[in-house]
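Shown below: coords_7.cif, with mmCIF, C-alpha atoms.
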data_run
#
loop_
_atom_site.label_atom_id
_atom_site.label_comp_id
_atom_site.auth_asym_id
_atom_site.auth_seq_id
_atom_site.Cartn_x
_atom_site.Cartn_y
_atom_site.Cartn_z
CA MET A 65 66.63 -8.18 6.85
CA LYS A 66 68.67 -11.12 8.07
CA HIS A 67 67.59 -14.69 7.52
CA SER A 68 65.78 -16.03 10.55
CA ASN A 69 68.47 -18.46 11.70
CA THR A 70 71.47 -16.14 11.29
CA PHE A 71 71.27 -14.69 14.78
CA PHE A 72 70.97 -18.07 16.47
CA THR A 73 73.72 -19.74 14.42
CA LYS A 74 76.15 -16.95 15.22
CA PHE A 75 75.64 -17.31 18.95
CA ILE A 76 75.98 -21.09 18.80
CA VAL A 77 79.28 -20.82 16.89
CA LEU A 78 80.55 -18.19 19.31
CA THR A 79 79.84 -20.25 22.41
CA LEU A 80 81.18 -23.49 20.93
CA VAL A 81 84.48 -21.89 19.95
CA ALA A 82 84.83 -20.30 23.37
CA SER A 83 84.09 -23.60 25.11
CA MET A 84 86.63 -25.57 23.12
CA ALA A 85 89.27 -22.87 23.58
CA LEU A 86 89.40 -23.64 27.30
CA TRP A 87 90.96 -27.02 26.56
CA SER A 88 94.00 -25.45 24.90
CA CYS A 89 94.49 -22.26 26.94
CA LYS A 90 98.07 -21.36 27.73
CA LYS A 91 98.91 -19.62 30.96
CA GLU A 92 101.67 -17.12 31.53
CA GLU A 93 102.92 -17.22 35.10
CA SER A 94 105.30 -15.23 37.22
CA THR A 95 108.10 -16.86 39.22
CA ASP A 96 107.06 -14.95 42.35
CA PRO A 97 104.86 -17.27 44.52
CA THR A 98 102.55 -14.47 45.69
CA THR A 99 102.13 -13.05 42.19
CA THR A 100 101.60 -16.55 40.78
CA LEU A 101 98.81 -17.23 43.28
CA ASP A 102 97.19 -13.91 42.40
CA GLN A 103 97.34 -14.89 38.73
CA GLU A 104 95.90 -18.33 39.38
CA VAL A 105 92.95 -16.93 41.32
CA THR A 106 92.30 -14.34 38.60
CA ASN A 107 92.65 -16.90 35.79
CA SER A 108 90.24 -19.22 37.54
CA SER A 109 87.69 -16.46 38.14
CA VAL A 110 87.83 -15.21 34.54
CA GLU A 111 87.65 -18.71 33.05
CA THR A 112 84.89 -19.89 35.38
CA ALA A 113 82.78 -16.81 34.65
CA SER A 114 83.36 -17.37 30.92
CA GLU A 115 82.25 -20.99 31.14
CA ALA A 116 79.11 -20.01 33.05
CA GLN A 117 78.28 -17.25 30.58
CA GLU A 118 78.83 -19.64 27.67
CA GLU A 119 76.13 -21.92 29.05
CA ALA A 120 73.84 -18.92 29.54
CA ASP A 121 74.50 -17.88 25.93
CA LYS A 122 73.75 -21.35 24.60
CA LEU A 123 70.46 -21.33 26.48
CA GLU A 124 69.73 -17.87 25.10
CA SER A 125 70.40 -19.11 21.58
CA ASP A 126 68.06 -22.10 21.98
CA ILE A 127 65.28 -20.04 23.56
CA ASN A 128 65.62 -17.30 20.93
CA GLU A 129 65.34 -19.90 18.19
CA ILE A 130 62.17 -21.30 19.74
CA GLU A 131 60.69 -17.82 20.14
CA LYS A 132 61.39 -16.98 16.51
CA THR A 133 60.38 -20.34 15.02
CA PHE A 134 57.14 -20.67 17.03
CA SER A 135 56.43 -16.97 17.55
CA THR A 136 52.83 -17.10 16.31
CA THR A 137 52.00 -20.11 18.48
CA ILE A 138 53.57 -18.63 21.62
CA ASN A 139 51.77 -15.31 21.19
CA ALA A 140 48.44 -16.79 20.03
CA ARG A 141 45.26 -16.17 22.01
CA THR A 142 44.24 -19.84 21.93
CA THR A 143 44.02 -21.64 25.27
CA GLU A 144 44.70 -25.08 23.82
CA ASP A 145 48.04 -26.72 24.58
CA THR A 146 50.26 -27.06 21.53
CA THR A 147 53.15 -29.53 21.20
CA VAL A 148 55.83 -29.12 18.56
CA THR A 149 59.25 -30.66 17.86
CA PHE A 150 62.50 -28.74 18.31
CA LYS A 151 66.06 -29.76 17.31
CA ARG A 152 64.50 -32.82 15.62
CA CYS A 153 64.02 -34.64 18.92
CA ALA A 154 62.99 -32.25 21.71
CA SER A 155 59.32 -31.95 22.63
CA VAL A 156 58.07 -28.39 23.21
CA THR A 157 54.69 -27.81 24.86
CA ILE A 158 53.21 -24.30 24.70
CA THR A 159 50.44 -23.40 27.15
CA LYS A 160 48.44 -20.17 27.49
CA ASN A 161 46.86 -19.09 30.80
CA THR A 162 44.15 -16.63 29.82
CA THR A 163 43.40 -15.64 33.42
CA ALA A 164 46.95 -14.69 34.34
CA GLY A 165 47.89 -13.71 30.80
CA THR A 166 51.01 -15.87 31.00
CA ARG A 167 52.50 -18.25 28.46
CA THR A 168 54.52 -21.32 29.38
CA VAL A 169 56.99 -23.04 27.07
CA ALA A 170 58.22 -26.42 28.35
CA ILE A 171 61.17 -27.95 26.49
CA ASP A 172 61.77 -31.65 27.13
CA TYR A 173 65.05 -33.04 25.78
CA GLY A 174 64.38 -36.40 27.39
CA THR A 175 67.35 -38.66 28.09
CA GLY A 176 69.33 -37.12 25.24
CA CYS A 177 68.62 -34.96 22.20
CA THR A 178 71.60 -34.52 19.84
CA ASP A 179 72.08 -31.66 17.41
CA SER A 180 75.11 -30.75 15.30
CA ILE A 181 76.74 -27.74 13.68
CA THR A 182 79.87 -27.19 11.60
CA SER A 183 82.36 -24.78 13.19
CA GLY A 184 85.49 -23.89 11.24
CA GLY A 185 84.99 -26.92 9.01
CA THR A 186 84.78 -29.25 12.01
CA LEU A 187 81.64 -31.11 13.03
CA VAL A 188 80.49 -30.27 16.56
CA THR A 189 77.68 -32.18 18.28
CA ILE A 190 75.60 -30.92 21.20
CA THR A 191 73.58 -33.32 23.32
CA ARG A 192 71.04 -31.80 25.71
CA LYS A 193 69.18 -33.69 28.44
CA GLY A 194 66.42 -32.86 30.90
CA LYS A 195 63.80 -30.11 30.90
CA VAL A 196 63.79 -26.32 30.53
CA THR A 197 60.62 -24.39 31.37
CA ILE A 198 60.05 -20.72 30.46
CA VAL A 199 57.12 -18.69 31.79
CA TYR A 200 56.33 -15.39 30.01
CA THR A 201 54.28 -12.57 31.54
CA GLY A 202 53.04 -11.57 28.07
CA LYS A 203 53.96 -11.83 24.39
CA TRP A 204 57.62 -12.78 24.26
CA ASN A 205 58.59 -9.91 21.92
CA ALA A 206 56.60 -7.19 23.70
CA LEU A 207 58.20 -4.38 25.67
CA ASN A 208 58.56 -5.16 29.40
CA THR A 209 57.64 -8.84 29.06
CA VAL A 210 59.51 -10.89 31.67
CA SER A 211 60.41 -14.53 31.14
CA THR A 212 61.60 -16.79 33.95
CA THR A 213 63.45 -20.00 33.15
CA ALA A 214 63.81 -23.03 35.45
CA PHE A 215 65.68 -26.31 34.93
CA ALA A 216 65.04 -29.95 35.82
CA GLY A 217 67.93 -32.34 35.31
CA TYR A 218 69.27 -30.19 32.49
CA SER A 219 72.73 -30.73 31.02
CA SER A 220 74.55 -30.09 27.77
CA THR A 221 77.45 -32.01 26.29
CA ILE A 222 79.65 -30.73 23.45
CA THR A 223 81.83 -33.09 21.41
CA LYS A 224 84.49 -31.86 19.00
CA ASN A 225 87.59 -33.57 17.61
CA GLY A 226 87.02 -36.51 19.93
CA LYS A 227 86.91 -34.32 23.05
CA THR A 228 83.83 -34.00 25.23
CA LEU A 229 82.78 -31.22 27.58
CA SER A 230 79.68 -31.71 29.77
CA ARG A 231 77.99 -29.25 32.13
CA THR A 232 74.90 -29.55 34.32
CA ILE A 233 72.83 -26.48 35.16
CA SER A 234 70.28 -25.71 37.87
CA GLY A 235 68.82 -22.48 39.21
CA THR A 236 66.79 -19.73 37.55
CA ARG A 237 67.17 -17.24 34.74
CA LYS A 238 65.10 -14.08 34.36
CA VAL A 239 64.97 -12.04 31.14
CA THR A 240 63.26 -8.66 30.73
CA ASN A 241 62.57 -7.34 27.23
CA LEU A 242 63.65 -3.70 27.12
CA SER A 243 62.77 -3.29 23.43
CA SER A 244 59.93 -3.83 20.99
CA ILE A 245 60.69 -6.37 18.27
CA THR A 246 58.21 -6.77 15.43
CA PHE A 247 57.78 -9.18 12.55
CA ASN A 248 56.35 -8.03 9.23
CA SER A 249 56.82 -8.55 5.48
CA ASN A 250 60.27 -7.00 5.76
CA GLY A 251 61.37 -9.38 8.52
CA LEU A 252 62.59 -8.35 11.96
CA THR A 253 62.55 -4.72 13.02
CA GLY A 254 63.65 -3.02 16.22
CA THR A 255 66.79 -2.76 18.34
CA PRO A 256 66.93 -5.86 20.55
CA LYS A 257 67.82 -5.04 24.15
CA PHE A 258 67.36 -7.43 27.05
CA ARG A 259 68.22 -7.56 30.73
CA TYR A 260 69.51 -10.96 31.86
CA GLU A 261 69.48 -11.98 35.53
CA ASN A 262 71.08 -15.37 36.18
CA ASN A 263 71.23 -17.25 39.47
CA LEU A 264 72.81 -20.52 38.42
CA THR A 265 74.68 -23.47 39.86
CA ILE A 266 76.81 -25.25 37.29
CA GLU A 267 78.66 -28.55 37.54
CA LEU A 268 81.87 -28.19 35.53
CA PRO A 269 84.01 -31.11 34.31
CA ALA A 270 87.76 -31.37 34.84
CA ILE A 271 89.83 -29.82 32.04
CA ASP A 272 93.32 -30.45 33.37
CA GLY A 273 95.23 -30.71 36.65
CA ASP A 274 94.92 -26.99 37.32
CA ARG A 275 91.20 -26.99 36.53
CA PRO A 276 89.53 -29.90 38.33
CA ALA A 277 85.85 -30.75 38.27
CA ALA A 278 83.88 -28.36 40.43
CA THR A 279 80.41 -27.08 41.26
CA VAL A 280 80.35 -23.30 40.89
CA THR A 281 77.79 -20.54 41.28
CA TYR A 282 77.11 -17.72 38.85
CA ILE A 283 74.94 -14.69 39.61
CA SER A 284 74.69 -11.96 37.00
CA ASP A 285 72.71 -8.87 36.08
CA LYS A 286 73.63 -7.83 32.56
CA THR A 287 72.07 -5.87 29.73
CA LYS A 288 72.82 -6.89 26.15
CA THR A 289 72.09 -4.64 23.17
CA TRP A 290 72.29 -5.53 19.50
CA SER A 291 73.78 -2.11 18.77
CA LYS A 292 74.59 -2.37 15.05
CA GLY A 293 73.65 -4.43 12.01
CA PHE A 294 70.23 -5.72 13.06
CA GLY A 295 68.57 -4.49 9.87
CA SER A 296 70.99 -5.84 7.25
CA PHE A 297 71.43 -9.08 5.34
CA SER A 298 75.09 -9.56 6.24
CA PRO A 299 75.95 -11.66 9.30
CA PHE A 300 79.29 -9.83 9.59
CA ASP A 301 78.27 -6.24 10.30
CA ASP A 302 76.81 -6.73 13.77
CA GLU A 303 77.93 -5.35 17.11
CA PHE A 304 76.70 -6.49 20.50
CA THR A 305 77.41 -4.57 23.69
CA VAL A 306 77.10 -5.92 27.23
CA THR A 307 77.04 -4.00 30.51
CA GLY A 308 76.35 -4.98 34.12
CA THR A 309 77.76 -7.01 37.00
CA PHE A 310 78.29 -10.66 37.92
CA SER A 311 79.70 -12.76 40.76
CA GLY A 312 80.14 -16.32 41.93
CA THR A 313 82.67 -18.93 43.01
CA ASN A 314 85.44 -20.18 40.75
CA ARG A 315 86.84 -23.69 40.31
CA LYS A 316 89.18 -23.16 43.25
CA GLY A 317 86.26 -22.35 45.55
CA VAL A 318 87.23 -18.68 45.74
CA ALA A 319 84.45 -16.10 45.69
CA TYR A 320 84.72 -13.29 43.14
CA SER A 321 82.68 -10.31 42.02
CA ALA A 322 82.99 -8.42 38.77
CA GLU A 323 81.82 -5.18 37.23
CA ILE A 324 81.86 -4.28 33.54
CA GLN A 325 83.48 -0.86 33.76
CA GLU A 326 83.43 -0.23 30.01
CA ALA A 327 80.87 -1.99 27.81
CA VAL A 328 82.14 -5.30 26.43
CA THR A 329 81.71 -5.31 22.66
CA HIS A 330 81.62 -8.16 20.16
CA LYS A 331 81.95 -7.53 16.41
CA THR A 332 80.88 -10.26 14.02
CA GLU A 333 83.21 -8.91 11.32
CA CYS A 334 85.99 -10.49 13.41
CA TRP A 335 84.40 -13.90 12.97
CA LYS A 336 85.58 -13.91 9.33
CA SER A 337 89.12 -14.17 10.77
CA SER A 338 88.02 -16.82 13.31
CA ILE A 339 88.33 -14.29 16.12
CA PHE A 340 85.47 -14.68 18.56
CA MET A 341 86.76 -12.71 21.54
CA PRO A 342 85.41 -9.30 22.56
CA VAL A 343 87.12 -6.44 20.75
CA SER A 344 86.84 -3.90 23.54
CA GLY A 345 85.63 -3.34 27.08
CA LYS A 346 86.99 -3.52 30.60
CA VAL A 347 85.94 -5.85 33.40
CA LYS A 348 87.12 -5.48 37.00
CA TYR A 349 87.32 -8.64 39.11
CA THR A 350 87.58 -8.56 42.91
CA THR A 351 88.59 -11.47 45.15
CA ALA A 352 90.18 -11.88 48.57
CA ARG A 353 93.51 -11.78 46.73
CA GLY A 354 92.87 -8.26 45.45
CA ASP A 355 91.68 -6.68 42.21
CA ALA A 356 92.25 -7.51 38.57
CA THR A 357 91.15 -5.64 35.45
CA VAL A 358 90.74 -7.35 32.09
CA ASP A 359 91.03 -5.03 29.07
CA TYR A 360 89.87 -6.48 25.74
CA GLY A 361 91.40 -3.74 23.60
CA ASP A 362 90.50 -0.76 21.45
CA GLY A 363 88.05 -2.34 19.00
CA THR A 364 90.61 -4.10 16.81
CA CYS A 365 89.91 -7.67 15.71
CA ASP A 366 92.65 -9.55 17.57
CA ARG A 367 93.12 -12.04 20.40
CA LYS A 368 95.10 -9.78 22.69
CA VAL A 369 94.07 -9.11 26.27
CA THR A 370 95.73 -6.95 28.90
CA VAL A 371 95.28 -7.98 32.53
CA VAL A 372 96.32 -5.85 35.50
CA ILE A 373 96.52 -7.81 38.78
CA ASN A 374 97.23 -5.84 41.94
CA GLY A 375 99.22 -3.31 39.91
CA ASN A 376 101.14 -5.89 37.83
CA THR A 377 100.42 -5.84 34.08
CA TYR A 378 100.35 -8.98 31.91
CA GLU A 379 99.86 -9.24 28.17
CA TYR A 380 98.10 -12.29 26.77
CA ASP A 381 97.61 -13.40 23.17
CA ALA A 382 95.08 -16.22 22.90
CA GLY A 383 96.21 -16.84 19.35
CA GLN A 384 99.67 -18.02 20.41
#
For the structure just supplied, provide its representation as structure tokens.
Amino acid sequence: MKHSNTFFTKFIVLTLVASMALWSCKKEESTDPTTTLDQEVTNSSVETASEAQEEADKLESDINEIEKTFSTTINARTTEDTTVTFKRCASVTITKNTTAGTRTVAIDYGTGCTDSITSGGTLVTITRKGKVTIVYTGKWNALNTVSTTAFAGYSSTITKNGKTLSRTISGTRKVTNLSSITFNSNGLTGTPKFRYENNLTIELPAIDGDRPAATVTYISDKTKTWSKGFGSFSPFDDEFTVTGTFSGTNRKGVAYSAEIQEAVTHKTECWKSSIFMPVSGKVKYTTARGDATVDYGDGTCDRKVTVVINGNTYEYDAGQ
């Protein structure tokens, strides 16, 4: 079985790379004013949704790490409050309500709790502030357990190569366990599958003149399945598939809705080539400007994306 921290480290690396990529994105634009505006609205919707999902993924990674590290304490029958330390400086209080059968995990990052990770040979620091509270209806790894997450003054700041990206999050996040995950002498067993329902408001910083600071909304209902590689030692044989819908407002204040028409798939084998984008899947975006479909490819490890906006096709290569 995989080492306990492999899953969490992979998701942290993925989200950090995606976040930093936004600072150096290149845009391909048409010379036709109407087409250019359509592109800008689509670009903004795709990028804003990606930023929002990155924050959701980082939260998922942190919460998963807590669930794994303190699994016995969270699932214990004891009614006594337990306080442990997370990320070297965050205080985590675990409370069991025997009457309701619920478990509450309160994470307090205080005025700033800094952690670090090496991504591609570069040191990346993450500073979290505020509080995150998760309430579980039962044992966190049991089938049909629902966890609801709320935030109080929560923000995360990433620093890499002298650049800083800060985001503040409020709202709620609901996760339903659609699988049974067990721990035994052999490690983790099961096929992890979770439903994620986000209703978030996120304060985004300015990236450049085309992407000013903005407060955006992000509402999603997605199901993520660890479809391959869960039972092996290698961190590079995994596949994750995501289905569902999401909507919100982008940086330009334009409302969008999106549907994953073909499951979006990530392969960790691509990470060996520093490729962190999905390898396949199609997502349809709808705004007042029309429709756009983003096609991530045929499963090949590359950085190519095909976007069709109101019948016009554009090819993008994030590696150029």
Suppose a student applies the PyMOL selection byres ((chain A and resi 373-383) around 7) to this structure; what residues should they get, written as JSON, numbers by chain? {"A": [354, 355, 356, 357, 367, 368, 369, 370, 371, 372, 384]}
May I ask which of the residues A:Ile181, A:Asn128, A:Ser234, A:Thr168 is the closest one to A:Glu144, counting only C-alpha atoms? A:Thr168
Residues at most 7 Å from stretch 201-206 of chain A, counting only C-alpha atoms, excluding those fewer than 3 positions away in the same chain, as number ranges by chain? A: 139, 165-167, 209-211, 241, 244-245
Please produce a file of those selected residues containing C-alpha atoms, as a short mmCIF file (atom, residue, chain, number, x, y, z; two decimals), in the frame of the given file.
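Dumped to selection14.cif:
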data_model
loop_
_atom_site.label_atom_id
_atom_site.label_comp_id
_atom_site.auth_asym_id
_atom_site.auth_seq_id
_atom_site.Cartn_x
_atom_site.Cartn_y
_atom_site.Cartn_z
CA ASN A 139 51.77 -15.31 21.19
CA GLY A 165 47.89 -13.71 30.80
CA THR A 166 51.01 -15.87 31.00
CA ARG A 167 52.50 -18.25 28.46
CA THR A 209 57.64 -8.84 29.06
CA VAL A 210 59.51 -10.89 31.67
CA SER A 211 60.41 -14.53 31.14
CA ASN A 241 62.57 -7.34 27.23
CA SER A 244 59.93 -3.83 20.99
CA ILE A 245 60.69 -6.37 18.27
#
With the PyMOL selection byres ((chain A and resi 152) around 12) as the selection, what would be picked from this file? Answer as a compact mmCIF listing (two decimals) with C-alpha atoms, keeping the file's coordinate frame, please.
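Ended up saving to part-v3.txt:
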# COMPACT_ATOMS: atom_id res chain seq x y z
CA VAL A 148 55.83 -29.12 18.56
CA THR A 149 59.25 -30.66 17.86
CA PHE A 150 62.50 -28.74 18.31
CA LYS A 151 66.06 -29.76 17.31
CA CYS A 153 64.02 -34.64 18.92
CA ALA A 154 62.99 -32.25 21.71
CA SER A 155 59.32 -31.95 22.63
CA VAL A 156 58.07 -28.39 23.21
CA ASP A 172 61.77 -31.65 27.13
CA TYR A 173 65.05 -33.04 25.78
CA GLY A 176 69.33 -37.12 25.24
CA CYS A 177 68.62 -34.96 22.20
CA THR A 178 71.60 -34.52 19.84
CA ASP A 179 72.08 -31.66 17.41
CA SER A 180 75.11 -30.75 15.30
CA THR A 191 73.58 -33.32 23.32
Quick one: residues within 10 Å of stretch 262-264 of chain A, all atoms listed in the file, excluding same-chain residues fewer than 2 positions away - as a PDB file with C-alpha atoms, keeping the file's coordinate frame?
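Below is the file result01.pdb, written as the result:
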ATOM      1  CA  ALA A 116      79.110 -20.010  33.050  1.00  0.00           C
ATOM      2  CA  GLN A 117      78.280 -17.250  30.580  1.00  0.00           C
ATOM      3  CA  ALA A 120      73.840 -18.920  29.540  1.00  0.00           C
ATOM      4  CA  THR A 212      61.600 -16.790  33.950  1.00  0.00           C
ATOM      5  CA  THR A 213      63.450 -20.000  33.150  1.00  0.00           C
ATOM      6  CA  ALA A 214      63.810 -23.030  35.450  1.00  0.00           C
ATOM      7  CA  PHE A 215      65.680 -26.310  34.930  1.00  0.00           C
ATOM      8  CA  ILE A 233      72.830 -26.480  35.160  1.00  0.00           C
ATOM      9  CA  SER A 234      70.280 -25.710  37.870  1.00  0.00           C
ATOM     10  CA  GLY A 235      68.820 -22.480  39.210  1.00  0.00           C
ATOM     11  CA  THR A 236      66.790 -19.730  37.550  1.00  0.00           C
ATOM     12  CA  ARG A 237      67.170 -17.240  34.740  1.00  0.00           C
ATOM     13  CA  LYS A 238      65.100 -14.080  34.360  1.00  0.00           C
ATOM     14  CA  VAL A 239      64.970 -12.040  31.140  1.00  0.00           C
ATOM     15  CA  ARG A 259      68.220  -7.560  30.730  1.00  0.00           C
ATOM     16  CA  TYR A 260      69.510 -10.960  31.860  1.00  0.00           C
ATOM     17  CA  ILE A 266      76.810 -25.250  37.290  1.00  0.00           C
ATOM     18  CA  GLU A 267      78.660 -28.550  37.540  1.00  0.00           C
ATOM     19  CA  VAL A 280      80.350 -23.300  40.890  1.00  0.00           C
ATOM     20  CA  THR A 281      77.790 -20.540  41.280  1.00  0.00           C
ATOM     21  CA  TYR A 282      77.110 -17.720  38.850  1.00  0.00           C
ATOM     22  CA  ILE A 283      74.940 -14.690  39.610  1.00  0.00           C
ATOM     23  CA  SER A 284      74.690 -11.960  37.000  1.00  0.00           C
ATOM     24  CA  ASP A 285      72.710  -8.870  36.080  1.00  0.00           C
ATOM     25  CA  LYS A 286      73.630  -7.830  32.560  1.00  0.00           C
ATOM     26  CA  PHE A 310      78.290 -10.660  37.920  1.00  0.00           C
ATOM     27  CA  SER A 311      79.700 -12.760  40.760  1.00  0.00           C
ATOM     28  CA  GLY A 312      80.140 -16.320  41.930  1.00  0.00           C
TER      29      GLY A 312
END
What's around A:Ile158 at 8 Å? Count all atoms listed in the file, leave out sequence neighbours fewer than 3 positions away in its own chain, and write the answer as an NGL selection string. :A and (137-138 or 145-147 or 167-170)
Stretch 324-340 of chain A: which residues within 7 Å, counting all atoms listed in the file, same-chain residues fewer than 6 positions away excluded, as a PyMOL selection string? chain A and resi 78+299-309+346-348+365-367
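Counting all atoms listed in the file, the residue from A:Lys132, A:Lys292, A:Arg315, A:Arg353 that sits nearest to A:Ala278 is A:Arg315.
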